[in-house]
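**Q** This structure is in C-alpha cells; I'll ask about it shortly.
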Amino acid sequence: MKLRFVIASDYDTILAQINEWWGGRQMSDMLPMLFFEHFNNTSFIAEKDGEVTGFLIGFLSQSNPDEAYIHFVGVHPKYRKQKIGKVLYEEFFKISRQNGRSIIRCVTSPVNKDSINFHMKMGFSIEKGNKMTDSISVFQDYDGPNQDRVVFKKKLDRSTL
C-alpha cells in the first residue's frame, strides 16, 4: 500500500465512489472540493496497484492551535479489515504532532456502529453530549436538524510532539 497527499484531481475519483462505499447513503454532499484544494498537506490517499483503497481528509484547527480535526475518512469496502484506516489515522497523527497539535477531534453518526467501534479502538473517547442514543452519548442536531453526532476526542502522546 502506498500513502500520498491528496491532490485536487482526486476529488472526482473519490466523489464517484463515496456513496457506494457507504452502502448507498448520500455522503458526497459532506465532501466538497475545497478540502482537496485547501487541506492537501493534511489529507491522504491510500492506493494499491493504482486503485484508491482509502482516504482521510483532515486539517489543523485555525481556531484551536492545539487541535486537529479529521473531517472524513473512507475505506473501499473490498479493502476493509486490512488496517488501512489505522494507517491513515496514524499518518494524520504524525502530521498533527509535527505541527504541535496534541488533540484530535472528529465526529460520526450514531448509526455508524463500525465507525464508533473503530474510533474507540484507536484510543478516542466519546465527549459527553446532550442526548443518549443506543447507550451512546450524542450531540443532538450537531450538524443541523435531525443530524445527531457522536463527538470524539483523542489526546496524542506529548512525548512525541
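The chains in the C-alpha cells are called A, B, ... from first to last as shown; in each chain the residues are counted from 1, and the ligands are counted from 1 in the order shown.
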Among chain A, which ones does DSSP place in strand (DSSP E or B), written as a PDB file with C-alpha atoms, in the first residue's frame?
**A**
```
ATOM      1  CA  LYS A   2       1.185   3.496  -0.861  1.00  0.00           C
ATOM      2  CA  LEU A   3       0.198   6.658   1.030  1.00  0.00           C
ATOM      3  CA  ARG A   4       0.333  10.095  -0.518  1.00  0.00           C
ATOM      4  CA  PHE A   5      -1.157  13.535  -0.014  1.00  0.00           C
ATOM      5  CA  PHE A  44      -4.155  11.449   2.389  1.00  0.00           C
ATOM      6  CA  ILE A  45      -4.942   8.838  -0.236  1.00  0.00           C
ATOM      7  CA  ALA A  46      -4.092   5.155   0.228  1.00  0.00           C
ATOM      8  CA  GLU A  47      -3.518   3.233  -3.004  1.00  0.00           C
ATOM      9  CA  LYS A  48      -2.784  -0.306  -4.034  1.00  0.00           C
ATOM     10  CA  GLU A  51      -6.504   1.883  -7.113  1.00  0.00           C
ATOM     11  CA  VAL A  52      -7.723   4.154  -4.310  1.00  0.00           C
ATOM     12  CA  THR A  53      -8.227   1.935  -1.274  1.00  0.00           C
ATOM     13  CA  GLY A  54      -8.910   4.684   1.235  1.00  0.00           C
ATOM     14  CA  PHE A  55      -8.657   8.350   2.050  1.00  0.00           C
ATOM     15  CA  LEU A  56      -8.570  10.716   5.021  1.00  0.00           C
ATOM     16  CA  ILE A  57      -9.493  14.387   4.880  1.00  0.00           C
ATOM     17  CA  GLY A  58      -8.213  16.329   7.867  1.00  0.00           C
ATOM     18  CA  PHE A  59      -6.965  19.741   8.838  1.00  0.00           C
ATOM     19  CA  LEU A  60      -5.203  21.679  11.560  1.00  0.00           C
ATOM     20  CA  GLU A  67      -6.096  20.720  17.867  1.00  0.00           C
ATOM     21  CA  ALA A  68      -6.520  18.968  14.547  1.00  0.00           C
ATOM     22  CA  TYR A  69      -9.720  17.648  13.026  1.00  0.00           C
ATOM     23  CA  ILE A  70     -10.494  14.585  10.928  1.00  0.00           C
ATOM     24  CA  HIS A  71     -13.380  15.562   8.681  1.00  0.00           C
ATOM     25  CA  PHE A  72     -13.936  12.461   6.564  1.00  0.00           C
ATOM     26  CA  VAL A  73     -12.411   9.004   6.185  1.00  0.00           C
ATOM     27  CA  GLY A  74     -13.331   6.212   3.847  1.00  0.00           C
ATOM     28  CA  VAL A  75     -12.003   2.759   3.043  1.00  0.00           C
ATOM     29  CA  ILE A 103      -5.713  16.849  20.443  1.00  0.00           C
ATOM     30  CA  ILE A 104      -7.544  15.200  17.561  1.00  0.00           C
ATOM     31  CA  ARG A 105     -11.283  15.600  17.140  1.00  0.00           C
ATOM     32  CA  CYS A 106     -13.815  14.022  14.813  1.00  0.00           C
ATOM     33  CA  VAL A 107     -17.494  13.066  14.637  1.00  0.00           C
ATOM     34  CA  THR A 108     -19.622  10.252  13.289  1.00  0.00           C
ATOM     35  CA  SER A 125     -13.060   8.945  23.882  1.00  0.00           C
ATOM     36  CA  ILE A 126     -16.668   9.990  23.363  1.00  0.00           C
ATOM     37  CA  LYS A 131     -28.736  13.044  24.490  1.00  0.00           C
ATOM     38  CA  MET A 132     -28.340   9.265  24.616  1.00  0.00           C
ATOM     39  CA  THR A 133     -28.908   7.087  21.552  1.00  0.00           C
ATOM     40  CA  ILE A 136     -24.118   6.272  23.330  1.00  0.00           C
ATOM     41  CA  SER A 137     -23.772   9.932  24.243  1.00  0.00           C
ATOM     42  CA  VAL A 138     -24.547  12.157  21.262  1.00  0.00           C
ATOM     43  CA  PHE A 139     -24.927  15.841  20.485  1.00  0.00           C
ATOM     44  CA  ARG A 149     -23.424  13.169  16.043  1.00  0.00           C
ATOM     45  CA  VAL A 150     -21.083  11.247  18.297  1.00  0.00           C
ATOM     46  CA  VAL A 151     -18.174  13.592  19.061  1.00  0.00           C
ATOM     47  CA  PHE A 152     -14.737  12.052  19.637  1.00  0.00           C
ATOM     48  CA  LYS A 153     -11.553  13.382  21.184  1.00  0.00           C
ATOM     49  CA  LYS A 154      -8.102  11.840  21.354  1.00  0.00           C
ATOM     50  CA  LYS A 155      -5.147  13.225  23.229  1.00  0.00           C
TER      51      LYS A 155
END
```
**Q** Per residue of stretch 17-88 of chain A within 10 Å of stretch 110-122 of chain A, which atom pair is closest and at what distance in Å (one decimal), using only C-alpha atoms, listed by chain and increasing number, as CSV?
**A**
```
residue,atom,partner,partner_atom,distance
A:Trp22,CA,A:Asn112,CA,9.9
A:Val73,CA,A:Ser115,CA,9.7
A:Gly85,CA,A:Phe118,CA,8.7
A:Lys86,CA,A:Met122,CA,7.5
```
**Q** Put those residues in a file: N, CA and C atoms, as a PDB file, in the first residue's frame.
**A**
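Output file again-v8.pdb follows:
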```
ATOM      1  N   TRP A  22     -20.504   3.735   1.157  1.00  0.00           N
ATOM      2  CA  TRP A  22     -21.369   3.835   2.330  1.00  0.00           C
ATOM      3  C   TRP A  22     -22.700   3.132   2.099  1.00  0.00           C
ATOM      4  N   VAL A  73     -13.291  10.144   6.457  1.00  0.00           N
ATOM      5  CA  VAL A  73     -12.411   9.004   6.185  1.00  0.00           C
ATOM      6  C   VAL A  73     -13.234   7.929   5.498  1.00  0.00           C
ATOM      7  N   GLY A  85      -7.511   2.090   7.460  1.00  0.00           N
ATOM      8  CA  GLY A  85      -7.976   3.202   8.296  1.00  0.00           C
ATOM      9  C   GLY A  85      -6.973   3.534   9.379  1.00  0.00           C
ATOM     10  N   LYS A  86      -6.440   2.522  10.014  1.00  0.00           N
ATOM     11  CA  LYS A  86      -5.448   2.728  11.080  1.00  0.00           C
ATOM     12  C   LYS A  86      -4.205   3.429  10.540  1.00  0.00           C
TER      13      LYS A  86
END
```
**Q** Select from chain A everything DSSP, run on the backbone, classes as alpha helix (DSSP H), then give the selection as an MDAnalysis selection string.
**A** chainID A and resid 10:21 34:38 84:98 113:121
**Q** Show me, as a PyMOL selection string, the residues that have an atom within 7 Å of stretch 36-39 of chain A when counting only C-alpha atoms, minus same-chain residues fewer than 4 positions from it.
**A** chain A and resi 6-8+11+43+58-59
**Q** Go ahead and write the residues just picked, C-alpha atoms, as a PDB file, in the first residue's frame.
**A**
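So the final result, stored in result-v9.pdb, reads:
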```
ATOM      1  CA  VAL A   6      -4.450  14.236  -1.771  1.00  0.00           C
ATOM      2  CA  ILE A   7      -4.424  16.402  -4.881  1.00  0.00           C
ATOM      3  CA  ALA A   8      -7.325  18.302  -6.426  1.00  0.00           C
ATOM      4  CA  TYR A  11     -11.859  14.751  -5.907  1.00  0.00           C
ATOM      5  CA  SER A  43      -5.166  14.782   3.865  1.00  0.00           C
ATOM      6  CA  GLY A  58      -8.213  16.329   7.867  1.00  0.00           C
ATOM      7  CA  PHE A  59      -6.965  19.741   8.838  1.00  0.00           C
TER       8      PHE A  59
END
```
**Q** Residues at most 10 Å from A:Val87, counting only C-alpha atoms, excluding those fewer than 3 positions away in the same chain, as a count of residues only?
**A** 11
